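Please read the structure below before turning to the comments.
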Amino acid sequence: MFRPVDSNVHFPTLELQILDLWEEKRIYEKSLAQREGRPKFVFYEGPPTANGLPHPGHCLTRAIKDLFPRYRTMRGYRCERKAGWDTHGLPVEVEVCKDLGIHSKEEIEAYGVEPFIHRCQESVWRYMREWRELTRRIGFWLHLDEAYVTYHQSYVESVWWSLKVLFDRGLLYQGHKIVWWWAQGGTALSSGEVGQGYREVADPSVYVRFPLLDEAGNETDTDLLVWTTTPWTLPSNQFAAVHPELEYAVVRDAELGRKLIIAKELVETIAGKVKRDLTVESTCRGTDLVGRRYLPPFDGYYKTLGNVVGKLADGGEQHVAWRVTAADFVTTDSGTGVVHEAPAFGEVDYDLLLAEQARFEPGQGPDLICAVAPDGRFTDEGPDYCRGRWVKDCDKDIARDLKQRGLLYHQEQYIHQYPFCWRAENDPLIQYPRKSWFIRTSQFKEAMLANNAKINWLPEHIRDGRFGNFLATNVDWALSRERYWGTPLPIWVCEKTGQMVAIGSYEELLSKPGCTGTEVWEEAKRKNPDLPDDLKVHKPYIDAITFDSPFAEGARMRRVSEVIDCWYDSGAMPFAQWGYPHRGAEQFADQFPADFISEAIDQTRGWFYSQLAISTLLFGKEANDAARQHEVEQAAKEATTAAVKPTVHPYPHPYRNCIVLGLMLGEDGQKMSKSKRNYREPNEIFDRYGADALRWYFFANQPPWTSIRYSEQAIKDSIPEFLLRLWNVYNFLVGYATSDDNWNPAAEIKGKVDQLNSAQLSSAATYTDPGDRSELDRWILSELASTCRTVVERLDAYDNFVAAGAIQKFVDVLSNWYVRRSRDRFWASGFTADKHDAYWTLYECLITTAKLIAPFTPFLAEALWQNLAVAPFGDRAVESVHLCDYPTGDVSLIDEELSQRMEQLREIASLGRAARMEAKLKVRQPLSKVEVVLADTRHQAWLEEHAALIREELNVKQVEFTQQAEKYINYTVLPNLPRLGPRLGKQLPALRKLLTEANPADLLQQLNEQGKVTLELNGEPVELDAEDIQVRLQAKEGWAAAQGKTSVVVLNTELNDDLIHEGIARDVVRIIQDRRKTIGCQLSDRIEVGIETDDASVVSAVEKFRDYIASETLARQLVLEPLAGVEPGDGKAGEARFKAYVRRLAE
RNA sequence: GGGCGCAUAGCUCAGUUGGUUAGAGCGCAGCCCUGAUAAGGCUGAGGUCCCAAGUUCGAGUCUUGGUGCGCCCA
């Protein structure tokens, strides 16, 4: 039998019990085991970093990641869920530095790379307990114990393998890159990190004269006027750039006594800034200036290189630097139209240097000059007053120096956005040239786009919008990081020749001829046996391993010092989670590509990209075709190739469907932040409201890609709006079933019932075929079936929002119409066939609802199942709702027409209540009659059959349907626009006018008699049939009436004695029931009642309705006098007053 | 500065291919119901659908421009 239900349920407590149940019975494992051999549904877990505390945003991701795998499992798929952890990267190092109270790379080196790495490895698990607990508590079923971890040896070796493939294919190369450089920390920052640190700052903005030189190298009377906001870059100047197509002016500054060259359209602006007259003497085009030499403001390099001339590739010679070059990026938005070029400190400037180098014969062109050391301080090539100083501190001194030398033409403050280090917020970043390793992703841009085009993105616009645009502007992936805690770049260089090889595994490394250096690791392990073995593939141990160079006799191969971008780690997860190809080939073959992944939109350029890029370059057709070509070319050389080559997979891969979640904002609409405290800790949410409340809030309130504002109230509201409403229905069923009725579904059924589908229930003697049940039962079963159908359809399309809405709607009609209308059936004493039907129908609705909600609110679903199925049937039923198949809805039970009719019936009832409200007649007071006027009479006959229901619902004696209701109603005839619009087009306004002016009664009569209406429109006859027009009703004033879309309900408000007495009787019943409750009667307790009153109408009412009152209240005796020794309850019926005495009778 | 997205009731959000009187939940106010009862229901107030122009018989919906906000990138 069912256990009693706690109507005062506390969901968080319930959920903890269910978690224990799942674990004790290993339900998750069983849910997987029972789908062994079934079609697969592949899910990838995007690895979170566990070195920070989880917040509500992570709950959202974890909830969505749980929903679809649970759903698919119930649909019969095998869905493995391997957990994963992202463990490398700068954030980890920064955390450790914070603990150590250090900042720069030098300090790390001083502390020791080895202990530093150990700390990093420990630090990544710092909040593991919290993450595991969150995962468990929110009900995210995931194989936590078999998680992949990016620092594990097997993972690292997979990454190495993939890099070796890329290297051997010629897709990994070393180049220079101008990076955003954190000089104090000695590292480049990723674009994402840079983006976090932009702040508004005021920088000096200087206009500097670069005197032009004549052919002989002598100074002329004309200057280039150059603008920059980074004066510290001027000592590293190499060129001045002009736009070739722009018009330049040579202007005379009389005060200065010199001529200046600036963009013509900026003459006025600059004259305004310096408040002088600048007279244009002549103009020329940018191209005319190209090649002219000038004297740079600082001579640190110029003094030695100023006169160096190189051979041009196409013959001739030219000075290598300090001359005017052409560049398309020059604009007149600001500055002077002449741009100072220090290629070391800007990406486009560096490109310009590369272009210049290309014009010369190899080795003859300009070298990069850079007067700044990697620590951000000036070198000896800088002006003497700057040497050894942090560049940004020198801006003022440089400006002062230029002023003293007369080269500073103008100076002002310039307010702009400038990036700072995101962890050390007082450190401005500078752009700085570094050697870096790149992946040639741009070569496969089209392939990535083709792959992307096949991915099902939700929302759709990501594909061609944010993600597609990003791919279309793809640049090569800067892979290397000059840091410590990351996957070491597996490239070893010949110390003599500089030739390189890539290594694909630790074993391969050890097998190299003359390999030495493992003793460093062995020694460390001997000293500290607790060191995880995985560390041996990390710095500093890996750096100690060297081997004989195959390129030069007696030379050694040594590893490059860099580690790689941790985004590469996570992007390699589709194969690296299995250790592929060194191991896990089977799992990889089985679990590639993913059917479903989901992360927030900030992963567009993160995990979504890294996965797609790696996968396209390894497993895409284009990349593999190119690789074969490359191998042919390399065949002559001694190319090493990976033992296992990637095979081609058709797009899309590595994921087919991707839900891009919106970002979750704090309560105040701002980004969630610990310091602002604009959200609550997840654990507190679970303790207060429960995981189901939070999950339902995520799933049912908005499509998942909407950025949602964290709202505690909304989470709280999930409880009464959905969870508790369903709980109340469940409580209702169990309450009656465990009363005198003692209704037990298990009593009549023998043997297994498994999932309690209708086929399994139908063996019960009292179970009638749903088709033979009452209309109300058939209706709710129809609603249930169509809800199942909708939910399945929407979940298959990854649309949790509409699916959840359908479930919520169903629970609402189940509670507010089915149960409401069925109360009497349950309350009736004894069993009838109809009562059995009511039990079975409601039982089946609840059982099915439990299955429906299982992926959404798994705890509540389980609670229902445990009591509705497991409690009565024991091990004859499936032991958990999560082991059931998902209900898809029996379409034969769907009755669209019944559904529509019931809808209309509900509308009539609702209108009747509204009319009562209007007339201030409470429902307890019976009325003699309502009249219902229908605009659409299709369902009239059916509605007439159900007049009883309306009578009961509205407490009236008679219901009458009528169309001839002119006294209550105004009719309006309107055109059906979607139908007539395409047909009549511009004539539509005329028709509308015609219809408004016509007599509606005549039109309707015509329509009824002939089935059509003919009107004359602009001299042309137009025929309208019933579908072409719509009739709207409007209640006339002065009646107790209410109007809806299709009907009007009019009340007869006249009362007679019978009606009044009946109303009083109902008041009496209500007060008696109230007393029953007060004195603690059980549902079926019998009582004795006394009514004391002076009011004649109450006396008459009690006498006239004695039987009614007695049966409603289970009263054995009813007398019109006080009961001795009983506390009475006061009652009021209209103006009449009475006292009700209730005493419980012993059995 | 560029890309993408968003803008509808006090709040959180729906609004299908353009179609008649733009919806839901919460909140607020008033009321009803009373054996699902520490529940439930009804009704109401509250909207220049961000602004402007255009396309169309008809625009919350389509187009263009603008404003504001968010994210990503510089």
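Order determines the names: the first chain of the structure tokens is A, the second B, and so forth; residues in each chain are numbered 1 upward, and ligands are numbered 1 upward as they are shown.
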Task: At most 10 Å to chain A: residues in chain B, only C-alpha atoms (C1' of nucleotides), as a ChimeraX atom specification - done: /B:3-6,12-14,18-21,25-26,31-43,56-58,70-74
Open item on the list: What parts of stretch 1017-1139 of chain A does DSSP call alpha helix (DSSP H)? I'd like the answer as a PyMOL selection string.
Closed with: chain A and resi 1057-1078+1096-1104+1106-1113
Open item on the list: Going by DSSP on the backbone, which residues of stretch 460-699 of chain A come out as strand (DSSP E)? List them as a PyMOL selection string.
Closed with: chain A and resi 477-478+480-481+491-494+500-502+547-548+556-559+563-564+594-600+655-661+664-665
Could you save the residues just selected, with C-alpha atoms, as a PDB file, in the first residue's frame?
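The resulting out-v9.pdb:
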```pdb
ATOM      1  CA  TRP A 477      46.409  29.556 -33.352  1.00  0.00           C
ATOM      2  CA  ALA A 478      49.201  30.810 -31.136  1.00  0.00           C
ATOM      3  CA  SER A 480      52.755  28.077 -26.963  1.00  0.00           C
ATOM      4  CA  ARG A 481      52.965  29.693 -23.548  1.00  0.00           C
ATOM      5  CA  ILE A 491      59.177  19.204 -29.608  1.00  0.00           C
ATOM      6  CA  TRP A 492      62.858  18.410 -29.252  1.00  0.00           C
ATOM      7  CA  VAL A 493      65.455  20.522 -31.055  1.00  0.00           C
ATOM      8  CA  CYS A 494      68.917  19.540 -32.267  1.00  0.00           C
ATOM      9  CA  MET A 500      63.301  19.343 -34.721  1.00  0.00           C
ATOM     10  CA  VAL A 501      61.196  16.286 -34.062  1.00  0.00           C
ATOM     11  CA  ALA A 502      57.872  15.889 -32.347  1.00  0.00           C
ATOM     12  CA  PHE A 547      68.542  12.088 -26.666  1.00  0.00           C
ATOM     13  CA  ASP A 548      70.987  11.772 -29.535  1.00  0.00           C
ATOM     14  CA  ARG A 556      71.755  16.204 -28.380  1.00  0.00           C
ATOM     15  CA  MET A 557      68.072  16.813 -28.814  1.00  0.00           C
ATOM     16  CA  ARG A 558      66.594  19.081 -26.144  1.00  0.00           C
ATOM     17  CA  ARG A 559      63.009  20.018 -25.551  1.00  0.00           C
ATOM     18  CA  VAL A 563      54.053  24.617 -22.552  1.00  0.00           C
ATOM     19  CA  ILE A 564      50.857  24.860 -24.568  1.00  0.00           C
ATOM     20  CA  ALA A 594      29.330  13.758 -29.652  1.00  0.00           C
ATOM     21  CA  ASP A 595      25.609  14.055 -30.186  1.00  0.00           C
ATOM     22  CA  PHE A 596      25.279  16.708 -27.560  1.00  0.00           C
ATOM     23  CA  ILE A 597      27.364  19.286 -25.782  1.00  0.00           C
ATOM     24  CA  SER A 598      26.399  22.432 -23.964  1.00  0.00           C
ATOM     25  CA  GLU A 599      28.287  25.313 -22.412  1.00  0.00           C
ATOM     26  CA  ALA A 600      27.736  29.026 -22.008  1.00  0.00           C
ATOM     27  CA  TYR A 655      29.843  17.562 -31.890  1.00  0.00           C
ATOM     28  CA  ARG A 656      26.514  17.487 -33.682  1.00  0.00           C
ATOM     29  CA  ASN A 657      24.209  19.484 -31.445  1.00  0.00           C
ATOM     30  CA  CYS A 658      25.310  22.306 -29.231  1.00  0.00           C
ATOM     31  CA  ILE A 659      23.165  24.300 -26.839  1.00  0.00           C
ATOM     32  CA  VAL A 660      24.802  27.639 -26.228  1.00  0.00           C
ATOM     33  CA  LEU A 661      23.643  28.829 -22.842  1.00  0.00           C
ATOM     34  CA  MET A 664      23.741  34.063 -15.878  1.00  0.00           C
ATOM     35  CA  LEU A 665      23.713  37.489 -14.337  1.00  0.00           C
TER      36      LEU A 665
END
```
Open item on the list: Could you list, as an MDAnalysis selection string, every residue within 12 Å of B:C51, counting only C-alpha atoms (C1' of nucleotides) and ignoring same-chain residues fewer than 4 positions away?
Closed with: chainID B and resid 7 65:68
If you keep all heavy atoms, can you produce a file of those selected residues as an mmCIF file, in the first residue's frame?
```
data_model
loop_
_atom_site.group_PDB
_atom_site.id
_atom_site.type_symbol
_atom_site.label_atom_id
_atom_site.label_comp_id
_atom_site.auth_asym_id
_atom_site.auth_seq_id
_atom_site.Cartn_x
_atom_site.Cartn_y
_atom_site.Cartn_z
ATOM 1 P P A B 7 13.895 41.115 -27.420
ATOM 2 O OP1 A B 7 12.758 40.332 -26.908
ATOM 3 O OP2 A B 7 14.021 41.397 -28.861
ATOM 4 O "O5'" A B 7 13.955 42.512 -26.640
ATOM 5 C "C5'" A B 7 13.902 42.528 -25.212
ATOM 6 C "C4'" A B 7 13.978 43.962 -24.742
ATOM 7 O "O4'" A B 7 15.119 44.599 -25.377
ATOM 8 C "C3'" A B 7 12.756 44.808 -25.096
ATOM 9 O "O3'" A B 7 12.451 45.696 -24.019
ATOM 10 C "C2'" A B 7 13.227 45.610 -26.298
ATOM 11 O "O2'" A B 7 12.595 46.873 -26.396
ATOM 12 C "C1'" A B 7 14.707 45.796 -25.988
ATOM 13 N N9 A B 7 15.496 46.013 -27.200
ATOM 14 C C8 A B 7 15.786 45.110 -28.185
ATOM 15 N N7 A B 7 16.508 45.604 -29.162
ATOM 16 C C5 A B 7 16.703 46.917 -28.796
ATOM 17 C C6 A B 7 17.378 47.976 -29.415
ATOM 18 N N6 A B 7 18.013 47.862 -30.577
ATOM 19 N N1 A B 7 17.382 49.174 -28.793
ATOM 20 C C2 A B 7 16.743 49.289 -27.625
ATOM 21 N N3 A B 7 16.068 48.367 -26.941
ATOM 22 C C4 A B 7 16.086 47.188 -27.588
ATOM 23 P P G B 65 21.182 50.155 -41.791
ATOM 24 O OP1 G B 65 22.566 50.266 -42.301
ATOM 25 O OP2 G B 65 20.802 49.022 -40.923
ATOM 26 O "O5'" G B 65 20.805 51.504 -41.037
ATOM 27 C "C5'" G B 65 21.136 52.764 -41.619
ATOM 28 C "C4'" G B 65 20.470 53.878 -40.861
ATOM 29 O "O4'" G B 65 19.025 53.675 -40.864
ATOM 30 C "C3'" G B 65 20.790 53.964 -39.376
ATOM 31 O "O3'" G B 65 22.045 54.545 -39.114
ATOM 32 C "C2'" G B 65 19.628 54.807 -38.865
ATOM 33 O "O2'" G B 65 19.782 56.159 -39.203
ATOM 34 C "C1'" G B 65 18.469 54.204 -39.672
ATOM 35 N N9 G B 65 17.830 53.130 -38.914
ATOM 36 C C8 G B 65 17.948 51.763 -39.087
ATOM 37 N N7 G B 65 17.252 51.073 -38.216
ATOM 38 C C5 G B 65 16.642 52.039 -37.427
ATOM 39 C C6 G B 65 15.771 51.913 -36.318
ATOM 40 O O6 G B 65 15.335 50.880 -35.787
ATOM 41 N N1 G B 65 15.385 53.149 -35.803
ATOM 42 C C2 G B 65 15.791 54.350 -36.299
ATOM 43 N N2 G B 65 15.330 55.445 -35.679
ATOM 44 N N3 G B 65 16.608 54.502 -37.337
ATOM 45 C C4 G B 65 16.989 53.312 -37.837
ATOM 46 P P G B 66 22.860 54.120 -37.821
ATOM 47 O OP1 G B 66 24.160 54.808 -37.876
ATOM 48 O OP2 G B 66 22.797 52.658 -37.689
ATOM 49 O "O5'" G B 66 21.994 54.764 -36.646
ATOM 50 C "C5'" G B 66 21.986 56.170 -36.470
ATOM 51 C "C4'" G B 66 20.948 56.567 -35.448
ATOM 52 O "O4'" G B 66 19.675 55.938 -35.774
ATOM 53 C "C3'" G B 66 21.199 56.115 -34.022
ATOM 54 O "O3'" G B 66 22.141 56.912 -33.355
ATOM 55 C "C2'" G B 66 19.806 56.225 -33.416
ATOM 56 O "O2'" G B 66 19.459 57.564 -33.141
ATOM 57 C "C1'" G B 66 18.941 55.713 -34.577
ATOM 58 N N9 G B 66 18.661 54.278 -34.449
ATOM 59 C C8 G B 66 19.140 53.246 -35.212
ATOM 60 N N7 G B 66 18.683 52.073 -34.824
ATOM 61 C C5 G B 66 17.870 52.357 -33.739
ATOM 62 C C6 G B 66 17.098 51.514 -32.899
ATOM 63 O O6 G B 66 16.993 50.284 -32.951
ATOM 64 N N1 G B 66 16.419 52.219 -31.921
ATOM 65 C C2 G B 66 16.471 53.581 -31.765
ATOM 66 N N2 G B 66 15.750 54.081 -30.756
ATOM 67 N N3 G B 66 17.175 54.395 -32.533
ATOM 68 C C4 G B 66 17.840 53.715 -33.497
ATOM 69 P P U B 67 23.091 56.273 -32.264
ATOM 70 O OP1 U B 67 24.119 57.278 -31.927
ATOM 71 O OP2 U B 67 23.502 54.926 -32.721
ATOM 72 O "O5'" U B 67 22.109 56.107 -31.025
ATOM 73 C "C5'" U B 67 21.512 57.250 -30.409
ATOM 74 C "C4'" U B 67 20.554 56.826 -29.332
ATOM 75 O "O4'" U B 67 19.453 56.081 -29.928
ATOM 76 C "C3'" U B 67 21.110 55.847 -28.299
ATOM 77 O "O3'" U B 67 21.871 56.500 -27.299
ATOM 78 C "C2'" U B 67 19.844 55.211 -27.760
ATOM 79 O "O2'" U B 67 19.171 56.073 -26.862
ATOM 80 C "C1'" U B 67 19.015 55.072 -29.030
ATOM 81 N N1 U B 67 19.202 53.750 -29.664
ATOM 82 C C2 U B 67 18.525 52.663 -29.115
ATOM 83 O O2 U B 67 17.793 52.758 -28.147
ATOM 84 N N3 U B 67 18.740 51.461 -29.743
ATOM 85 C C4 U B 67 19.548 51.237 -30.839
ATOM 86 O O4 U B 67 19.645 50.107 -31.291
ATOM 87 C C5 U B 67 20.210 52.399 -31.348
ATOM 88 C C6 U B 67 20.018 53.583 -30.753
ATOM 89 P P G B 68 23.131 55.758 -26.668
ATOM 90 O OP1 G B 68 23.843 56.739 -25.833
ATOM 91 O OP2 G B 68 23.850 55.030 -27.735
ATOM 92 O "O5'" G B 68 22.448 54.680 -25.712
ATOM 93 C "C5'" G B 68 21.688 55.109 -24.587
ATOM 94 C "C4'" G B 68 20.970 53.934 -23.985
ATOM 95 O "O4'" G B 68 20.044 53.377 -24.958
ATOM 96 C "C3'" G B 68 21.854 52.752 -23.624
ATOM 97 O "O3'" G B 68 22.529 52.938 -22.394
ATOM 98 C "C2'" G B 68 20.834 51.618 -23.574
ATOM 99 O "O2'" G B 68 20.065 51.669 -22.400
ATOM 100 C "C1'" G B 68 19.950 51.982 -24.766
ATOM 101 N N9 G B 68 20.384 51.292 -25.995
ATOM 102 C C8 G B 68 21.077 51.814 -27.053
ATOM 103 N N7 G B 68 21.305 50.944 -27.997
ATOM 104 C C5 G B 68 20.723 49.772 -27.524
ATOM 105 C C6 G B 68 20.644 48.482 -28.104
ATOM 106 O O6 G B 68 21.083 48.094 -29.198
ATOM 107 N N1 G B 68 19.972 47.586 -27.286
ATOM 108 C C2 G B 68 19.447 47.895 -26.065
ATOM 109 N N2 G B 68 18.835 46.904 -25.417
ATOM 110 N N3 G B 68 19.502 49.091 -25.508
ATOM 111 C C4 G B 68 20.152 49.980 -26.290
#
```
Open item on the list: Counting only C-alpha atoms, which residue out of A:Asp530, A:Glu247, A:Asp253, A:Asp543 sits closest to A:Asp223?
Closed with: A:Asp253
Open item on the list: For B:G54, find every residue with an atom within 12 Å (counting only C-alpha atoms (C1' of nucleotides)), except residues of its own chain fewer than 4 positions away, and show them as a list of chain:residue names.
Closed with: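 Here the qualifying residues turn out to be B:A59, B:C62, B:U63, B:U64, B:G65.
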- [ ] For stretch 353-367 of chain A, work out the shell of residues within 6 Å, counting only C-alpha atoms (C1' of nucleotides) and skipping chain neighbours fewer than 5 positions away, then give it as number ranges by chain.
- [x] A: 310-313, 320
Selection to disk with N, CA and C atoms, as a PDB file, in the first residue's frame:
```
ATOM      1  N   GLY A 310      70.518  48.001 -48.040  1.00  0.00           N
ATOM      2  CA  GLY A 310      70.409  46.584 -48.383  1.00  0.00           C
ATOM      3  C   GLY A 310      70.026  46.400 -49.835  1.00  0.00           C
ATOM      4  N   LYS A 311      70.284  45.162 -50.329  1.00  0.00           N
ATOM      5  CA  LYS A 311      69.947  44.874 -51.728  1.00  0.00           C
ATOM      6  C   LYS A 311      68.484  44.469 -51.825  1.00  0.00           C
ATOM      7  N   LEU A 312      67.803  45.078 -52.760  1.00  0.00           N
ATOM      8  CA  LEU A 312      66.397  44.752 -52.959  1.00  0.00           C
ATOM      9  C   LEU A 312      66.265  43.482 -53.784  1.00  0.00           C
ATOM     10  N   ALA A 313      65.151  42.789 -53.561  1.00  0.00           N
ATOM     11  CA  ALA A 313      64.933  41.516 -54.261  1.00  0.00           C
ATOM     12  C   ALA A 313      64.854  41.724 -55.762  1.00  0.00           C
ATOM     13  N   VAL A 320      67.662  50.505 -45.211  1.00  0.00           N
ATOM     14  CA  VAL A 320      66.778  49.485 -44.640  1.00  0.00           C
ATOM     15  C   VAL A 320      65.692  50.088 -43.760  1.00  0.00           C
TER      16      VAL A 320
END
```
Open item on the list: Between atom CA of A:Val1049 and atom C1' of B:G46, what is the distance in Å, rounded to a tenth?
Closed with: 26.4 Å
Open item on the list: So that I can see what lies close to stretch 228-238 of chain A, please list as an MDAnalysis selection string the residues with an atom at most 9 Å from it, counting only C-alpha atoms (C1' of nucleotides) and leaving out residues fewer than 6 positions away in the same chain.
Closed with: chainID A and resid 203:208 296:301 320:323 335 339:345 353 366 368:372 378 381:383 391:396 398:399 413:414
